[in-house]
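Chemist: So here's model_31.cif, just mmCIF, C-alpha atoms and all ligand atoms:
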```cif
data_start
loop_
_atom_site.label_atom_id
_atom_site.label_comp_id
_atom_site.auth_asym_id
_atom_site.auth_seq_id
_atom_site.Cartn_x
_atom_site.Cartn_y
_atom_site.Cartn_z
CA MET A 7 0.00 0.00 0.00
CA SER A 8 1.50 3.30 -1.01
CA LYS A 9 0.32 6.55 0.43
CA LYS A 10 -0.03 9.35 -2.10
CA LYS A 11 2.62 12.00 -1.55
CA GLU A 12 1.24 15.16 -0.01
CA ARG A 13 1.18 18.06 -2.44
CA ILE A 14 3.19 20.62 -0.51
CA ILE A 15 6.21 22.74 -1.41
CA PRO A 16 8.84 22.30 1.32
CA LYS A 17 10.00 25.49 3.06
CA TYR A 18 13.63 25.97 4.03
CA ALA A 19 15.34 28.66 6.13
CA VAL A 20 17.28 29.55 2.98
CA GLY A 21 15.57 28.57 -0.26
CA PRO A 22 17.28 27.56 -3.53
CA ILE A 23 18.39 29.95 -6.29
CA GLU A 24 16.50 29.34 -9.54
CA THR A 25 19.22 29.06 -12.20
CA HIS A 26 17.10 28.31 -15.29
CA CYS A 27 13.54 29.27 -16.20
CA HIS A 28 11.64 31.08 -18.93
CA LEU A 29 9.49 33.70 -17.20
CA ASP A 30 8.30 35.19 -20.50
CA TYR A 31 6.77 31.81 -21.42
CA LEU A 32 4.55 31.51 -18.32
CA LYS A 33 0.92 31.49 -19.39
CA GLY A 34 -1.38 30.65 -16.51
CA GLN A 35 0.08 32.97 -13.85
CA GLU A 36 0.70 36.67 -13.32
CA LEU A 37 4.41 37.44 -13.08
CA ILE A 38 3.97 39.60 -9.99
CA ASP A 39 2.17 36.75 -8.16
CA THR A 40 4.79 34.23 -9.29
CA LEU A 41 7.68 36.38 -8.03
CA GLU A 42 5.90 37.01 -4.74
CA LYS A 43 5.37 33.27 -4.27
CA CYS A 44 9.06 32.69 -5.09
CA GLN A 45 10.06 34.88 -2.18
CA GLU A 46 7.54 33.14 0.07
CA TYR A 47 9.48 29.91 -0.60
CA GLY A 48 12.89 31.53 -0.33
CA VAL A 49 13.61 31.52 -4.07
CA ASN A 50 15.20 34.94 -3.88
CA LYS A 51 17.15 34.95 -7.13
CA VAL A 52 15.70 33.84 -10.45
CA VAL A 53 17.66 33.56 -13.71
CA THR A 54 15.41 33.79 -16.75
CA ILE A 55 16.92 32.44 -19.95
CA ALA A 56 16.92 33.88 -23.47
CA VAL A 57 16.27 31.50 -26.39
CA SER A 58 15.45 33.40 -29.55
CA PRO A 59 16.12 36.67 -31.38
CA ASP A 60 12.64 37.86 -30.44
CA ASN A 61 12.92 37.26 -26.70
CA LEU A 62 16.35 38.83 -26.04
CA LYS A 63 14.77 42.15 -25.17
CA LYS A 64 11.94 40.53 -23.19
CA VAL A 65 14.54 38.89 -20.95
CA ARG A 66 16.38 42.19 -20.47
CA ASP A 67 13.11 43.91 -19.58
CA LEU A 68 12.26 41.18 -17.04
CA THR A 69 15.49 41.94 -15.15
CA ALA A 70 13.88 45.21 -14.06
CA ASN A 71 12.32 43.05 -11.32
CA GLU A 72 14.63 43.06 -8.32
CA ILE A 73 15.02 39.29 -7.94
CA VAL A 74 15.25 38.56 -11.68
CA TYR A 75 18.52 38.11 -13.59
CA GLY A 76 18.88 37.13 -17.22
CA THR A 77 21.00 35.62 -19.96
CA GLN A 78 21.42 36.50 -23.64
CA GLY A 79 21.81 33.85 -26.32
CA ILE A 80 20.09 31.77 -28.97
CA HIS A 81 18.84 28.20 -28.40
CA PRO A 82 19.83 25.58 -31.04
CA HIS A 83 16.15 25.30 -32.09
CA GLU A 84 16.26 28.96 -33.12
CA ALA A 85 19.73 28.95 -34.70
CA LYS A 86 18.29 29.30 -38.22
CA HIS A 87 16.75 32.66 -37.24
CA ILE A 88 20.08 34.23 -36.23
CA THR A 89 21.26 37.25 -38.21
CA GLN A 90 24.43 39.32 -37.86
CA GLY A 91 22.31 41.80 -35.90
CA THR A 92 21.46 39.07 -33.38
CA TYR A 93 25.10 38.56 -32.36
CA GLN A 94 25.56 42.30 -32.13
CA GLU A 95 22.50 42.65 -29.90
CA ILE A 96 23.79 39.87 -27.62
CA GLU A 97 27.27 41.44 -27.36
CA GLU A 98 25.89 44.89 -26.60
CA SER A 99 23.57 43.53 -23.88
CA LEU A 100 26.34 41.82 -21.95
CA THR A 101 27.42 45.05 -20.27
CA ASN A 102 24.08 45.07 -18.38
CA PRO A 103 25.03 44.04 -14.81
CA LYS A 104 21.92 41.86 -14.47
CA ILE A 105 22.84 39.76 -17.50
CA VAL A 106 24.86 36.94 -15.96
CA ALA A 107 25.65 34.50 -18.80
CA VAL A 108 25.55 33.70 -22.50
CA GLY A 109 22.76 31.19 -23.18
CA GLU A 110 21.02 29.11 -23.78
CA ILE A 111 23.24 27.84 -26.54
CA GLY A 112 24.14 24.36 -27.73
CA LEU A 113 23.03 21.49 -29.94
CA ASP A 114 19.73 19.61 -30.22
CA TYR A 115 19.74 16.71 -32.70
CA TYR A 116 16.58 15.20 -31.16
CA TYR A 117 14.23 17.77 -32.66
CA GLU A 118 16.68 19.17 -35.24
CA PHE A 119 14.55 22.28 -35.75
CA SER A 120 17.67 23.89 -37.23
CA ASP A 121 20.20 22.18 -39.49
CA PRO A 122 23.06 20.66 -37.41
CA ASN A 123 25.69 22.69 -39.28
CA ILE A 124 23.83 25.91 -38.52
CA GLN A 125 23.49 24.81 -34.88
CA LYS A 126 27.23 24.13 -34.63
CA GLU A 127 28.13 27.49 -36.13
CA ALA A 128 25.78 29.33 -33.73
CA PHE A 129 27.10 27.34 -30.75
CA GLU A 130 30.74 28.13 -31.60
CA LYS A 131 30.07 31.81 -32.32
CA GLN A 132 28.29 32.25 -29.00
CA LEU A 133 30.97 30.34 -27.06
CA GLN A 134 33.45 32.81 -28.55
CA ILE A 135 31.26 35.73 -27.41
CA ALA A 136 31.33 34.28 -23.87
CA CYS A 137 35.14 34.00 -24.04
CA ASP A 138 35.50 37.56 -25.32
CA ASN A 139 33.30 38.93 -22.55
CA ASP A 140 34.56 36.64 -19.78
CA LEU A 141 31.12 35.26 -19.01
CA PRO A 142 29.88 31.74 -18.23
CA VAL A 143 27.61 29.84 -20.65
CA VAL A 144 24.29 28.03 -20.24
CA ILE A 145 24.34 24.99 -22.51
CA HIS A 146 21.47 22.91 -23.89
CA THR A 147 22.49 19.58 -25.44
CA ARG A 148 20.24 16.73 -26.52
CA GLU A 149 21.21 13.64 -28.53
CA ALA A 150 24.38 15.46 -29.55
CA ASP A 151 26.95 14.10 -27.07
CA ALA A 152 29.86 13.64 -29.52
CA ASP A 153 29.62 17.06 -31.19
CA THR A 154 29.03 18.85 -27.87
CA LYS A 155 32.15 17.22 -26.46
CA ALA A 156 34.24 18.01 -29.55
CA ILE A 157 33.23 21.67 -29.58
CA LEU A 158 33.72 22.18 -25.84
CA LYS A 159 37.13 20.54 -26.14
CA ASN A 160 38.14 23.25 -28.62
CA PHE A 161 37.20 25.90 -26.05
CA SER A 162 38.83 24.09 -23.15
CA THR A 163 41.51 26.72 -22.48
CA THR A 164 39.78 29.86 -23.80
CA LEU A 165 36.40 29.54 -22.03
CA LYS A 166 37.63 30.52 -18.56
CA ARG A 167 34.35 30.91 -16.68
CA LYS A 168 32.89 27.60 -17.94
CA GLY A 169 29.17 27.32 -17.14
CA VAL A 170 26.37 24.79 -16.83
CA ILE A 171 25.00 21.95 -18.93
CA HIS A 172 21.37 22.52 -18.01
CA SER A 173 18.58 19.93 -17.87
CA PHE A 174 21.14 17.20 -18.34
CA THR A 175 19.72 14.17 -20.19
CA SER A 176 22.86 13.03 -22.03
CA GLY A 177 25.10 10.05 -21.34
CA ILE A 178 27.46 9.40 -18.45
CA GLU A 179 30.52 9.86 -20.69
CA LEU A 180 29.57 13.44 -21.61
CA ALA A 181 28.75 14.14 -17.94
CA GLU A 182 32.18 12.92 -16.89
CA PHE A 183 33.89 15.01 -19.57
CA CYS A 184 31.97 18.16 -18.59
CA LEU A 185 32.71 17.63 -14.89
CA SER A 186 36.40 17.17 -15.61
CA GLU A 187 36.38 20.40 -17.63
CA GLY A 188 34.92 22.25 -14.63
CA PHE A 189 31.35 22.66 -15.84
CA HIS A 190 28.32 22.43 -13.57
CA ILE A 191 25.41 20.12 -14.32
CA GLY A 192 21.87 21.44 -13.94
CA PHE A 193 19.03 19.24 -12.65
CA ASN A 194 15.32 19.98 -12.77
CA GLY A 195 11.96 18.23 -12.34
CA ILE A 196 13.00 15.46 -14.72
CA VAL A 197 14.87 13.78 -11.83
CA THR A 198 11.52 13.29 -10.08
CA PHE A 199 9.93 11.50 -13.05
CA LYS A 200 9.40 7.76 -12.72
CA ASN A 201 10.97 6.96 -16.12
CA ALA A 202 14.08 9.13 -15.65
CA GLY A 203 16.43 6.46 -14.33
CA ASN A 204 19.11 7.55 -16.81
CA VAL A 205 19.10 11.09 -15.39
CA ARG A 206 19.26 9.76 -11.82
CA ASN A 207 22.27 7.65 -12.86
CA VAL A 208 23.99 10.90 -13.88
CA LEU A 209 22.85 12.53 -10.64
CA ASP A 210 24.67 9.77 -8.77
CA ILE A 211 28.05 10.76 -10.24
CA VAL A 212 27.69 14.55 -10.00
CA PRO A 213 29.23 15.97 -6.82
CA VAL A 214 26.99 18.54 -5.10
CA GLU A 215 29.83 21.03 -5.56
CA GLN A 216 29.23 20.94 -9.34
CA MET A 217 25.44 20.90 -9.27
CA LEU A 218 22.92 23.63 -10.04
CA LEU A 219 19.18 23.54 -9.30
CA GLU A 220 16.65 24.72 -11.88
CA THR A 221 12.99 24.27 -12.83
CA ASP A 222 13.15 25.06 -16.60
CA SER A 223 9.62 26.37 -16.01
CA PRO A 224 7.05 26.60 -17.51
CA TYR A 225 8.08 23.10 -18.65
CA LEU A 226 8.88 19.90 -16.69
CA THR A 227 6.76 20.44 -13.56
CA PRO A 228 8.17 18.25 -10.75
CA VAL A 229 6.34 15.53 -8.86
CA PRO A 230 3.97 16.01 -6.96
CA PHE A 231 2.65 18.92 -9.05
CA ARG A 232 2.51 17.22 -12.48
CA GLY A 233 -0.34 18.63 -14.56
CA ARG A 234 0.11 22.20 -13.34
CA GLU A 235 2.15 24.84 -15.14
CA ASN A 236 5.66 24.84 -13.69
CA ALA A 237 7.09 27.88 -11.87
CA PRO A 238 10.33 28.73 -10.03
CA PHE A 239 8.58 28.44 -6.64
CA TYR A 240 8.39 24.65 -7.14
CA LEU A 241 12.21 24.50 -6.97
CA PRO A 242 12.22 23.40 -3.29
CA CYS A 243 10.41 20.18 -4.40
CA ILE A 244 13.36 19.38 -6.69
CA ALA A 245 15.94 20.19 -3.99
CA ASP A 246 14.05 17.96 -1.56
CA PHE A 247 13.96 15.05 -4.04
CA ILE A 248 17.67 15.31 -4.88
CA ALA A 249 18.66 15.55 -1.21
CA THR A 250 16.67 12.41 -0.40
CA HIS A 251 18.12 10.60 -3.43
CA LYS A 252 21.70 11.57 -2.54
CA GLU A 253 21.08 10.99 1.18
CA ILE A 254 22.22 14.43 2.27
CA ASP A 255 20.52 17.14 4.30
CA ALA A 256 18.30 19.27 2.04
CA GLN A 257 19.38 22.58 3.55
CA LYS A 258 23.00 21.59 3.08
CA LEU A 259 22.35 20.71 -0.57
CA ILE A 260 20.61 24.05 -1.12
CA ASP A 261 23.43 25.98 0.59
CA ILE A 262 26.08 24.33 -1.60
CA ALA A 263 24.04 24.67 -4.82
CA ASN A 264 23.40 28.34 -3.98
CA SER A 265 27.08 28.99 -3.46
CA ASN A 266 27.80 27.28 -6.80
CA ALA A 267 25.28 29.61 -8.48
CA GLU A 268 26.71 32.65 -6.69
CA ASN A 269 30.24 31.83 -7.79
CA LEU A 270 29.22 31.07 -11.37
CA PHE A 271 26.71 33.83 -12.11
CA PHE A 272 26.75 36.58 -9.52
CA LYS A 273 30.19 37.04 -7.95
CA LEU A 274 31.99 38.84 -10.76
CA ARG A 275 29.12 41.01 -11.96
ZN ZN A 301 15.51 26.31 -21.01
#
```
Have the structure of the file written as structure tokens, please.
Modeler:
Amino acid sequence: MSKKKERIIPKYAVGPIETHCHLDYLKGQELIDTLEKCQEYGVNKVVTIAVSPDNLKKVRDLTANEIVYGTQGIHPHEAKHITQGTYQEIEESLTNPKIVAVGEIGLDYYYEFSDPNIQKEAFEKQLQIACDNDLPVVIHTREADADTKAILKNFSTTLKRKGVIHSFTSGIELAEFCLSEGFHIGFNGIVTFKNAGNVRNVLDIVPVEQMLLETDSPYLTPVPFRGRENAPFYLPCIADFIATHKEIDAQKLIDIANSNAENLFFKLR
């Protein structure tokens, strides 16, 4: 007999920093209510991620909210929409002190919404922008382990600030490579899904010192809130699940993950 898990968001003395969400994609909630609820659950810093040429400015505008930070970059899905003006807009925006990284950038051969060669070119160009501006990167990679590894290898010495492989769903070998290069690995609600054994296998080998917590909201709502639109204030559910899985104290996990996020995104701004 299994008892159904109670649908509550755990509250911690210090809540987790949200390192990856898409606030401009939330549909069923008012931003002001969402941000208020974040603070109620101790999610006191929220990084909202750029993905396309037409949301770069939206992300910058969102950083007008005190607890919101942003990134600038083009997702592999959108690589085919990049123009020369896009790179210029990204570069010019990086002087904004609330823009903390270049992203999300990378490769996605699962959907292949953009041609792989166009994806690779966009990934490399934006990695170079991160190098030139001494910023970390937020990387999306799916079904593209070999090319991701090859490209990151080429930037091994020039990309000083490294970054995060967010929503990690790739293989153990890529995880090991990224960890050895000094990257962080980002985990979200996927780890709570019943069929995500492969992601939990990666979780097992990632030291807490190289882990970031994220929701990727409005997508990937964690258990026990499946069926609702995701939001950054559900992040404590993910922290709680990971702490239980890794058999460490949840507050300790949050404290370490927060210090990882501080060092990566906030310290040098
Ligand atoms: Zn994302």
Chemist: Compile the contact shell of A:Ile105 as a list in words: residues with an atom at most 10 Å away, counting all atoms listed in the file, same-chain residues fewer than 5 positions apart removed.
Modeler: Val53, Thr54, Ile55, Val65, Arg66, Thr69, Val74, Tyr75, Gly76, Thr77, Gln78, Ser99, Leu100, Leu141, Phe271, Phe272 and Arg275 of chain A
Chemist: What's around A:Gly177 at 8 Å? Count only C-alpha atoms, leave out sequence neighbours fewer than 5 positions away in its own chain, and write the answer as a compact mmCIF listing (two decimals) with C-alpha atoms, in the frame of the given file.
Modeler:
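Everything below was put into out_17.txt:
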```txt
# COMPACT_ATOMS: atom_id res chain seq x y z
CA ASP A 151 26.95 14.10 -27.07
CA ASN A 204 19.11 7.55 -16.81
CA VAL A 208 23.99 10.90 -13.88
```
Chemist: In Å, how far is it from atom CA of A:Val170 to atom CA of A:Cys44?
Modeler: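 Atom CA of A:Cys44 lies 22.4 Å from atom CA of A:Val170.
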Chemist: Would you kindly identify which residues have an atom no farther than 9 Å from (11.5, 28.6, -13.0), using only C-alpha atoms and the file's own coordinates, and write them out as a PyMOL selection string?
Modeler: chain A and resi 24-29+52-54+220-225+236-241
Chemist: For A:Glu182, which residue out of A:Pro228, A:Gly233, A:Gly48, A:Pro213 is the nearest one, using all atoms listed in the file?
Modeler: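 Among A:Pro228, A:Gly233, A:Gly48, A:Pro213, it is A:Pro213 that comes nearest to A:Glu182.
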Chemist: By how many Å are atom CA of A:Leu226 and atom CA of A:Ala136 apart?
Modeler: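 Separation between atom CA of A:Leu226 and atom CA of A:Ala136: 27.6 Å.
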Chemist: Which is closest to ligand ZN 301 (chain A) among A:Leu41, A:Ala70, A:Ile171, A:Ile88, if we use only C-alpha atoms and all ligand atoms?
Modeler: A:Ile171
Chemist: Once you add 6 Å to each side, what are the centre and edge lengths of the axis-aligned box holding all listed atoms of stretch 153-165 of chain A? One decimal in Å, as AutoDock Vina command-line options, if you can.
Modeler:
```
--center_x 35.3 --center_y 23.5 --center_z -26.6 --size_x 24.5 --size_y 24.8 --size_z 21.2
```
Chemist: So, counting only C-alpha atoms and all ligand atoms, which residue among A:Tyr93, A:Tyr31, A:Phe183, A:Phe161 is closest to ligand ZN 301 (chain A)?
Modeler: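 Among A:Tyr93, A:Tyr31, A:Phe183, A:Phe161, it is A:Tyr31 that comes nearest to ligand ZN 301 (chain A).
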Chemist: I'd like to know which of A:Val106, A:Ile145, A:Leu113, A:Ile124 is closest to ligand ZN 301 (chain A), using all atoms listed in the file.
Modeler: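 Nearest candidate to ligand ZN 301 (chain A) out of A:Val106, A:Ile145, A:Leu113, A:Ile124: A:Ile145.
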Chemist: Might you pull out every residue within 10 Å of A:Ala267, with all atoms listed in the file counted and same-chain residues fewer than 3 positions away left off, and present them as a VMD selection string?
Modeler: chain A and resid 22 to 25 51 169 to 170 190 216 to 219 261 to 264 270 to 273
Chemist: Measure the distance from atom CA of A:Ala85 to atom CA of A:Ser120 in Å and round it to one decimal.
Modeler: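 Separating atom CA of A:Ala85 from atom CA of A:Ser120 is a distance of 6.0 Å.
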Chemist: Using only C-alpha atoms for the distances, tell me which of A:Gln94, A:Asn71, A:Thr101, A:Ser265 is nearest to A:Thr40.
Modeler: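 When distances to A:Thr40 are compared using only C-alpha atoms, the smallest one comes from A:Asn71.
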Chemist: Would you pick out the contacts of A:Lys200 at 12 Å or less, using only C-alpha atoms, so that residues sharing its chain but fewer than 5 positions from it are not included, and give the list as a list in words?
Modeler: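 Selected residues are Gly195, Val205, Arg206, Pro228, Val229, Pro230 and Arg232 of chain A.
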Chemist: Next, write the just-selected residues to a file, as a PDB file, in the coordinates of the input, keeping C-alpha atoms as the atom set.
Modeler:
```pdb
ATOM      1  CA  GLY A 195      11.960  18.230 -12.340  1.00  0.00           C
ATOM      2  CA  VAL A 205      19.100  11.090 -15.390  1.00  0.00           C
ATOM      3  CA  ARG A 206      19.260   9.760 -11.820  1.00  0.00           C
ATOM      4  CA  PRO A 228       8.170  18.250 -10.750  1.00  0.00           C
ATOM      5  CA  VAL A 229       6.340  15.530  -8.860  1.00  0.00           C
ATOM      6  CA  PRO A 230       3.970  16.010  -6.960  1.00  0.00           C
ATOM      7  CA  ARG A 232       2.510  17.220 -12.480  1.00  0.00           C
TER       8      ARG A 232
END
```
Chemist: Compare A:Arg234, A:His172, A:Lys17, A:His83 by their minimum atom-to-atom distance to ligand ZN 301 (chain A), counting all atoms listed in the file, and give me the closest one.
Modeler: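 The closest residue to ligand ZN 301 (chain A) is A:His172.
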Chemist: Got a sec: who's within 12 Å of A:Lys131, counting all atoms listed in the file, leaving out chain neighbours fewer than 3 positions off, as a compact mmCIF listing (two decimals) with C-alpha atoms, in the coordinates of the input?
Modeler:
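Below is the file that was written, around-v3.txt:
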```
# COMPACT_ATOMS: atom_id res chain seq x y z
CA GLY A 79 21.81 33.85 -26.32
CA ILE A 80 20.09 31.77 -28.97
CA ALA A 85 19.73 28.95 -34.70
CA ILE A 88 20.08 34.23 -36.23
CA THR A 89 21.26 37.25 -38.21
CA GLN A 90 24.43 39.32 -37.86
CA THR A 92 21.46 39.07 -33.38
CA TYR A 93 25.10 38.56 -32.36
CA GLN A 94 25.56 42.30 -32.13
CA ILE A 96 23.79 39.87 -27.62
CA GLU A 97 27.27 41.44 -27.36
CA VAL A 108 25.55 33.70 -22.50
CA GLY A 109 22.76 31.19 -23.18
CA ILE A 111 23.24 27.84 -26.54
CA GLY A 112 24.14 24.36 -27.73
CA ILE A 124 23.83 25.91 -38.52
CA GLN A 125 23.49 24.81 -34.88
CA LYS A 126 27.23 24.13 -34.63
CA GLU A 127 28.13 27.49 -36.13
CA ALA A 128 25.78 29.33 -33.73
CA GLN A 134 33.45 32.81 -28.55
CA ILE A 135 31.26 35.73 -27.41
CA ALA A 136 31.33 34.28 -23.87
CA CYS A 137 35.14 34.00 -24.04
CA ASP A 138 35.50 37.56 -25.32
CA ILE A 157 33.23 21.67 -29.58
CA PHE A 161 37.20 25.90 -26.05
```
